[in-house]
file query-v4.pdb (PDB, C-alpha atoms)
ATOM      1  CA  MET A   1     166.144  76.394  82.361  1.00  0.00           C
ATOM      2  CA  PHE A   2     165.899  73.605  84.939  1.00  0.00           C
ATOM      3  CA  LEU A   3     168.716  75.250  86.905  1.00  0.00           C
ATOM      4  CA  PHE A   4     166.639  78.386  87.353  1.00  0.00           C
ATOM      5  CA  ILE A   5     163.548  76.672  88.749  1.00  0.00           C
ATOM      6  CA  THR A   6     165.301  74.342  91.185  1.00  0.00           C
ATOM      7  CA  PRO A   7     165.019  75.582  94.748  1.00  0.00           C
ATOM      8  CA  GLY A   8     168.175  76.875  96.328  1.00  0.00           C
ATOM      9  CA  THR A   9     169.158  79.311  99.009  1.00  0.00           C
ATOM     10  CA  PRO A  10     168.617  82.468  96.893  1.00  0.00           C
ATOM     11  CA  ARG A  11     165.116  81.304  95.994  1.00  0.00           C
ATOM     12  CA  ILE A  12     164.281  80.545  99.629  1.00  0.00           C
ATOM     13  CA  VAL A  13     165.425  84.040 100.636  1.00  0.00           C
ATOM     14  CA  ILE A  14     163.341  85.572  97.826  1.00  0.00           C
ATOM     15  CA  ILE A  15     160.261  83.603  98.933  1.00  0.00           C
ATOM     16  CA  SER A  16     160.726  84.711 102.537  1.00  0.00           C
ATOM     17  CA  TYR A  17     161.266  88.346 101.574  1.00  0.00           C
ATOM     18  CA  SER A  18     158.289  88.327  99.216  1.00  0.00           C
ATOM     19  CA  MET A  19     155.990  87.017 101.924  1.00  0.00           C
ATOM     20  CA  ASN A  20     157.306  89.494 104.497  1.00  0.00           C
ATOM     21  CA  TYR A  21     158.114  92.610 102.471  1.00  0.00           C
ATOM     22  CA  GLY A  22     156.462  92.266  99.062  1.00  0.00           C
ATOM     23  CA  VAL A  23     157.637  91.716  95.520  1.00  0.00           C
ATOM     24  CA  GLN A  24     159.037  95.245  95.054  1.00  0.00           C
ATOM     25  CA  LYS A  25     161.672  94.712  97.764  1.00  0.00           C
ATOM     26  CA  CYS A  26     162.609  91.370  96.209  1.00  0.00           C
ATOM     27  CA  ILE A  27     163.732  93.176  93.082  1.00  0.00           C
ATOM     28  CA  TRP A  28     166.660  94.570  95.100  1.00  0.00           C
ATOM     29  CA  ALA A  29     167.557  91.141  96.498  1.00  0.00           C
ATOM     30  CA  ALA A  30     167.379  89.703  92.966  1.00  0.00           C
ATOM     31  CA  LEU A  31     169.648  92.494  91.686  1.00  0.00           C
ATOM     32  CA  GLY A  32     172.122  91.641  94.454  1.00  0.00           C
ATOM     33  CA  ASP A  33     171.917  87.986  93.415  1.00  0.00           C
ATOM     34  CA  ILE A  34     172.654  88.615  89.754  1.00  0.00           C
ATOM     35  CA  THR A  35     175.441  91.066  90.622  1.00  0.00           C
ATOM     36  CA  ALA A  36     177.110  88.306  92.648  1.00  0.00           C
ATOM     37  CA  ASN A  37     176.548  85.913  89.746  1.00  0.00           C
ATOM     38  CA  PHE A  38     178.257  88.311  87.346  1.00  0.00           C
ATOM     39  CA  ILE A  39     181.272  88.573  89.645  1.00  0.00           C
ATOM     40  CA  GLN A  40     181.363  84.791  90.159  1.00  0.00           C
ATOM     41  CA  GLY A  41     181.203  84.143  86.433  1.00  0.00           C
ATOM     42  CA  ALA A  42     183.924  86.698  85.695  1.00  0.00           C
ATOM     43  CA  LEU A  43     186.189  85.324  88.421  1.00  0.00           C
ATOM     44  CA  VAL A  44     185.717  81.780  87.208  1.00  0.00           C
ATOM     45  CA  ILE A  45     186.357  82.535  83.552  1.00  0.00           C
ATOM     46  CA  PHE A  46     189.187  84.990  84.051  1.00  0.00           C
ATOM     47  CA  VAL A  47     190.847  83.968  87.342  1.00  0.00           C
ATOM     48  CA  LEU A  48     189.633  81.267  89.690  1.00  0.00           C
ATOM     49  CA  GLY A  49     188.553  78.350  87.522  1.00  0.00           C
ATOM     50  CA  SER A  50     191.942  76.694  87.363  1.00  0.00           C
ATOM     51  CA  PHE A  51     192.847  77.817  90.895  1.00  0.00           C
ATOM     52  CA  PHE A  52     189.874  76.006  92.481  1.00  0.00           C
ATOM     53  CA  SER A  53     190.471  72.893  90.402  1.00  0.00           C
ATOM     54  CA  ASP A  54     194.136  72.825  91.508  1.00  0.00           C
ATOM     55  CA  ASN A  55     193.317  73.673  95.167  1.00  0.00           C
ATOM     56  CA  PRO A  56     190.032  72.045  96.212  1.00  0.00           C
ATOM     57  CA  SER A  57     190.700  72.912  99.865  1.00  0.00           C
ATOM     58  CA  PHE A  58     190.113  76.601  99.051  1.00  0.00           C
ATOM     59  CA  LEU A  59     186.775  75.757  97.454  1.00  0.00           C
ATOM     60  CA  ASN A  60     185.911  73.744 100.552  1.00  0.00           C
ATOM     61  CA  ALA A  61     186.851  76.706 102.786  1.00  0.00           C
ATOM     62  CA  PHE A  62     184.658  78.973 100.668  1.00  0.00           C
ATOM     63  CA  LYS A  63     181.763  76.546 101.114  1.00  0.00           C
ATOM     64  CA  TRP A  64     182.199  76.849 104.882  1.00  0.00           C
ATOM     65  CA  VAL A  65     182.035  80.636 104.640  1.00  0.00           C
ATOM     66  CA  GLY A  66     178.700  80.162 102.875  1.00  0.00           C
ATOM     67  CA  ILE A  67     177.495  77.773 105.571  1.00  0.00           C
ATOM     68  CA  ILE A  68     178.442  80.234 108.317  1.00  0.00           C
ATOM     69  CA  TYR A  69     176.598  83.047 106.535  1.00  0.00           C
ATOM     70  CA  LEU A  70     173.507  80.852 106.136  1.00  0.00           C
ATOM     71  CA  MET A  71     173.676  80.046 109.848  1.00  0.00           C
ATOM     72  CA  TYR A  72     173.804  83.785 110.562  1.00  0.00           C
ATOM     73  CA  LEU A  73     170.710  84.338 108.390  1.00  0.00           C
ATOM     74  CA  ALA A  74     168.910  81.475 110.174  1.00  0.00           C
ATOM     75  CA  TYR A  75     169.854  82.970 113.552  1.00  0.00           C
ATOM     76  CA  ASP A  76     168.601  86.366 112.416  1.00  0.00           C
ATOM     77  CA  VAL A  77     165.272  84.891 111.287  1.00  0.00           C
ATOM     78  CA  TYR A  78     164.994  82.850 114.497  1.00  0.00           C
ATOM     79  CA  ASN A  79     165.457  85.938 116.665  1.00  0.00           C
ATOM     80  CA  THR A  80     162.890  88.077 114.879  1.00  0.00           C
ATOM     81  CA  LYS A  81     159.512  88.336 116.540  1.00  0.00           C
ATOM     82  CA  PRO A  82     156.798  86.151 115.007  1.00  0.00           C
ATOM     83  CA  LYS A  83     154.628  88.131 112.675  1.00  0.00           C
ATOM     84  CA  ASP A  84     150.871  88.016 112.419  1.00  0.00           C
ATOM     85  CA  VAL A  85     150.055  86.706 108.958  1.00  0.00           C
ATOM     86  CA  ASN A  86     147.336  89.334 108.601  1.00  0.00           C
ATOM     87  CA  SER A  87     149.604  92.185 109.654  1.00  0.00           C
ATOM     88  CA  ASN A  88     150.738  94.734 107.106  1.00  0.00           C
ATOM     89  CA  ASP A  89     153.393  96.047 109.485  1.00  0.00           C
ATOM     90  CA  TYR A  90     156.795  95.617 107.872  1.00  0.00           C
ATOM     91  CA  SER A  91     159.997  96.169 109.776  1.00  0.00           C
ATOM     92  CA  GLU A  92     162.238  98.845 108.378  1.00  0.00           C
ATOM     93  CA  LYS A  93     164.856  97.410 106.078  1.00  0.00           C
ATOM     94  CA  SER A  94     166.817  99.483 103.606  1.00  0.00           C
ATOM     95  CA  ILE A  95     167.034  98.811  99.902  1.00  0.00           C
ATOM     96  CA  PHE A  96     170.769  98.326 100.380  1.00  0.00           C
ATOM     97  CA  SER A  97     170.045  95.646 102.984  1.00  0.00           C
ATOM     98  CA  PHE A  98     167.946  93.682 100.484  1.00  0.00           C
ATOM     99  CA  PHE A  99     170.636  94.080  97.816  1.00  0.00           C
ATOM    100  CA  LYS A 100     173.360  93.037 100.286  1.00  0.00           C
ATOM    101  CA  ASP A 101     171.447  89.953 101.400  1.00  0.00           C
ATOM    102  CA  GLY A 102     170.828  88.884  97.798  1.00  0.00           C
ATOM    103  CA  PHE A 103     174.476  89.505  96.952  1.00  0.00           C
ATOM    104  CA  LEU A 104     175.875  87.621  99.954  1.00  0.00           C
ATOM    105  CA  VAL A 105     173.496  84.675  99.680  1.00  0.00           C
ATOM    106  CA  ALA A 106     174.283  84.187  95.990  1.00  0.00           C
ATOM    107  CA  GLY A 107     177.957  85.029  96.445  1.00  0.00           C
ATOM    108  CA  THR A 108     178.447  82.357  99.080  1.00  0.00           C
ATOM    109  CA  SER A 109     176.228  79.763  97.427  1.00  0.00           C
ATOM    110  CA  PRO A 110     178.162  76.549  96.759  1.00  0.00           C
ATOM    111  CA  LYS A 111     175.717  75.784  93.924  1.00  0.00           C
ATOM    112  CA  ALA A 112     176.865  78.856  91.997  1.00  0.00           C
ATOM    113  CA  TRP A 113     180.549  78.267  92.711  1.00  0.00           C
ATOM    114  CA  MET A 114     180.190  74.731  91.351  1.00  0.00           C
ATOM    115  CA  PHE A 115     178.015  75.759  88.403  1.00  0.00           C
ATOM    116  CA  PHE A 116     180.194  78.454  86.901  1.00  0.00           C
ATOM    117  CA  PRO A 117     183.485  76.501  86.694  1.00  0.00           C
ATOM    118  CA  LEU A 118     181.781  73.298  85.550  1.00  0.00           C
ATOM    119  CA  ILE A 119     179.289  74.644  83.020  1.00  0.00           C
ATOM    120  CA  PHE A 120     180.438  78.017  81.701  1.00  0.00           C
ATOM    121  CA  PRO A 121     183.747  76.851  80.182  1.00  0.00           C
ATOM    122  CA  GLN A 122     181.828  74.245  78.158  1.00  0.00           C
ATOM    123  CA  PHE A 123     180.156  77.035  76.179  1.00  0.00           C
ATOM    124  CA  ILE A 124     183.186  79.248  75.618  1.00  0.00           C
ATOM    125  CA  ASP A 125     185.762  78.793  72.879  1.00  0.00           C
ATOM    126  CA  PHE A 126     188.929  80.143  74.483  1.00  0.00           C
ATOM    127  CA  SER A 127     190.759  80.195  71.144  1.00  0.00           C
ATOM    128  CA  SER A 128     188.343  82.858  69.913  1.00  0.00           C
ATOM    129  CA  ASN A 129     187.183  86.160  71.438  1.00  0.00           C
ATOM    130  CA  TYR A 130     186.109  84.664  74.760  1.00  0.00           C
ATOM    131  CA  VAL A 131     185.402  88.026  76.411  1.00  0.00           C
ATOM    132  CA  VAL A 132     182.453  88.692  74.078  1.00  0.00           C
ATOM    133  CA  GLN A 133     181.296  85.092  74.489  1.00  0.00           C
ATOM    134  CA  PHE A 134     181.444  85.482  78.262  1.00  0.00           C
ATOM    135  CA  PHE A 135     179.372  88.676  78.237  1.00  0.00           C
ATOM    136  CA  ILE A 136     176.696  87.072  76.047  1.00  0.00           C
ATOM    137  CA  LEU A 137     176.613  83.974  78.241  1.00  0.00           C
ATOM    138  CA  ILE A 138     176.571  85.829  81.569  1.00  0.00           C
ATOM    139  CA  ALA A 139     173.960  88.348  80.350  1.00  0.00           C
ATOM    140  CA  THR A 140     171.691  85.478  79.301  1.00  0.00           C
ATOM    141  CA  TYR A 141     172.248  83.749  82.630  1.00  0.00           C
ATOM    142  CA  MET A 142     171.566  86.934  84.609  1.00  0.00           C
ATOM    143  CA  VAL A 143     168.314  87.698  82.763  1.00  0.00           C
ATOM    144  CA  LEU A 144     167.016  84.139  83.214  1.00  0.00           C
ATOM    145  CA  ASP A 145     168.044  84.079  86.884  1.00  0.00           C
ATOM    146  CA  PHE A 146     166.425  87.464  87.559  1.00  0.00           C
ATOM    147  CA  VAL A 147     163.178  86.438  85.840  1.00  0.00           C
ATOM    148  CA  SER A 148     163.036  83.165  87.789  1.00  0.00           C
ATOM    149  CA  LEU A 149     163.700  84.926  91.115  1.00  0.00           C
ATOM    150  CA  ILE A 150     160.957  87.466  90.471  1.00  0.00           C
ATOM    151  CA  GLY A 151     158.678  84.611  89.380  1.00  0.00           C
ATOM    152  CA  TYR A 152     159.281  82.947  92.745  1.00  0.00           C
ATOM    153  CA  ALA A 153     158.600  86.284  94.485  1.00  0.00           C
ATOM    154  CA  ILE A 154     155.303  86.782  92.646  1.00  0.00           C
ATOM    155  CA  LEU A 155     154.132  83.228  93.384  1.00  0.00           C
ATOM    156  CA  ALA A 156     155.100  83.513  97.059  1.00  0.00           C
ATOM    157  CA  ASN A 157     153.324  86.844  97.328  1.00  0.00           C
ATOM    158  CA  LYS A 158     150.168  85.416  95.768  1.00  0.00           C
ATOM    159  CA  LEU A 159     150.382  82.492  98.204  1.00  0.00           C
ATOM    160  CA  ILE A 160     150.578  84.757 101.259  1.00  0.00           C
ATOM    161  CA  VAL A 161     147.661  86.855  99.959  1.00  0.00           C
ATOM    162  CA  TRP A 162     145.632  83.645  99.570  1.00  0.00           C
ATOM    163  CA  ILE A 163     146.608  82.456 103.061  1.00  0.00           C
ATOM    164  CA  LYS A 164     145.594  85.831 104.535  1.00  0.00           C
ATOM    165  CA  ALA A 165     142.232  85.563 102.770  1.00  0.00           C
ATOM    166  CA  ASN A 166     141.778  81.976 104.026  1.00  0.00           C
ATOM    167  CA  PRO A 167     143.126  81.859 107.607  1.00  0.00           C
ATOM    168  CA  LYS A 168     141.684  78.377 108.202  1.00  0.00           C
ATOM    169  CA  VAL A 169     144.338  77.059 105.810  1.00  0.00           C
ATOM    170  CA  ILE A 170     147.031  77.644 108.449  1.00  0.00           C
ATOM    171  CA  ASN A 171     145.059  75.657 111.019  1.00  0.00           C
ATOM    172  CA  THR A 172     144.493  72.849 108.531  1.00  0.00           C
ATOM    173  CA  ILE A 173     148.153  72.678 107.523  1.00  0.00           C
ATOM    174  CA  SER A 174     149.492  72.844 111.059  1.00  0.00           C
TER
END

call {"tool": "encode", "arguments": {"input": "query-v4.pdb", "output": "structure tokens"}}
result
Amino acid sequence: MFLFITPGTPRIVIISYSMNYGVQKCIWAALGDITANFIQGALVIFVLGSFFSDNPSFLNAFKWVGIIYLMYLAYDVYNTKPKDVNSNDYSEKSIFSFFKDGFLVAGTSPKAWMFFPLIFPQFIDFSSNYVVQFFILIATYMVLDFVSLIGYAILANKLIVWIKANPKVINTIS
């Protein structure tokens, strides 16, 4: 459970989206996240686990792809106009865009690519029916990850509502 409450890039994106677009839009980003997690888990168990351990340079290259994507997201956030905290004006962003961002952030997250090959195989007996074991394990992981992401979204949304109700807080903090 500790893994699901530790801050990481997907949680930061969820917090940002919750504060800017609301919890409902975060559901789509969280669905993108867990879809990427399913694909990562399947690739690790069925294909890439031994490949990455035999070729660490490919894992390193994949980490750089993630870094470049995070830099793109930072650039995108940097170039957006500052928003009035009390404004209810949301920029238009499609549901697919939220899903895509959740998918790409989780899909390029080095934390996930390290987690799945290191942890998942420990809980799977490959001499038995490992496909069923994988589906039980990944379904459990996806539910817990989704619940934690939405928990972050709800808390962030409550925080922004509180800040809007108490504008002096911003002046005190800054």

call {"tool": "residues_around", "arguments": {"input": "query-v4.pdb", "residues": "Ile95 in chain A", "least_positions_apart": "2", "cutoff": "9 Å", "atoms": "only C-alpha atoms", "output": "number ranges by chain"}}
result
A: 25, 28-29, 93, 97-100

call {"tool": "closest_residue", "arguments": {"input": "query-v4.pdb", "among": "A:Val147, A:Lys164, A:Trp113, A:Leu155", "to": "Phe38 in chain A", "atoms": "all atoms listed in the file"}}
result
A:Trp113

call {"tool": "atom_distance", "arguments": {"input": "query-v4.pdb", "atom1": "CA of Asp145 in chain A", "atom2": "CA of Thr35 in chain A"}}
result
10.8 Å

call {"tool": "closest_residue", "arguments": {"input": "query-v4.pdb", "among": "A:Val161, A:Ile39, A:Val44, A:Ile14", "to": "Phe120 in chain A", "atoms": "all atoms listed in the file"}}
result
A:Val44

call {"tool": "residues_around", "arguments": {"input": "query-v4.pdb", "residues": "Val13 in chain A", "least_positions_apart": "4", "cutoff": "8 Å", "atoms": "only C-alpha atoms", "output": "PyMOL selection string"}}
result
chain A and resi 9+17+102
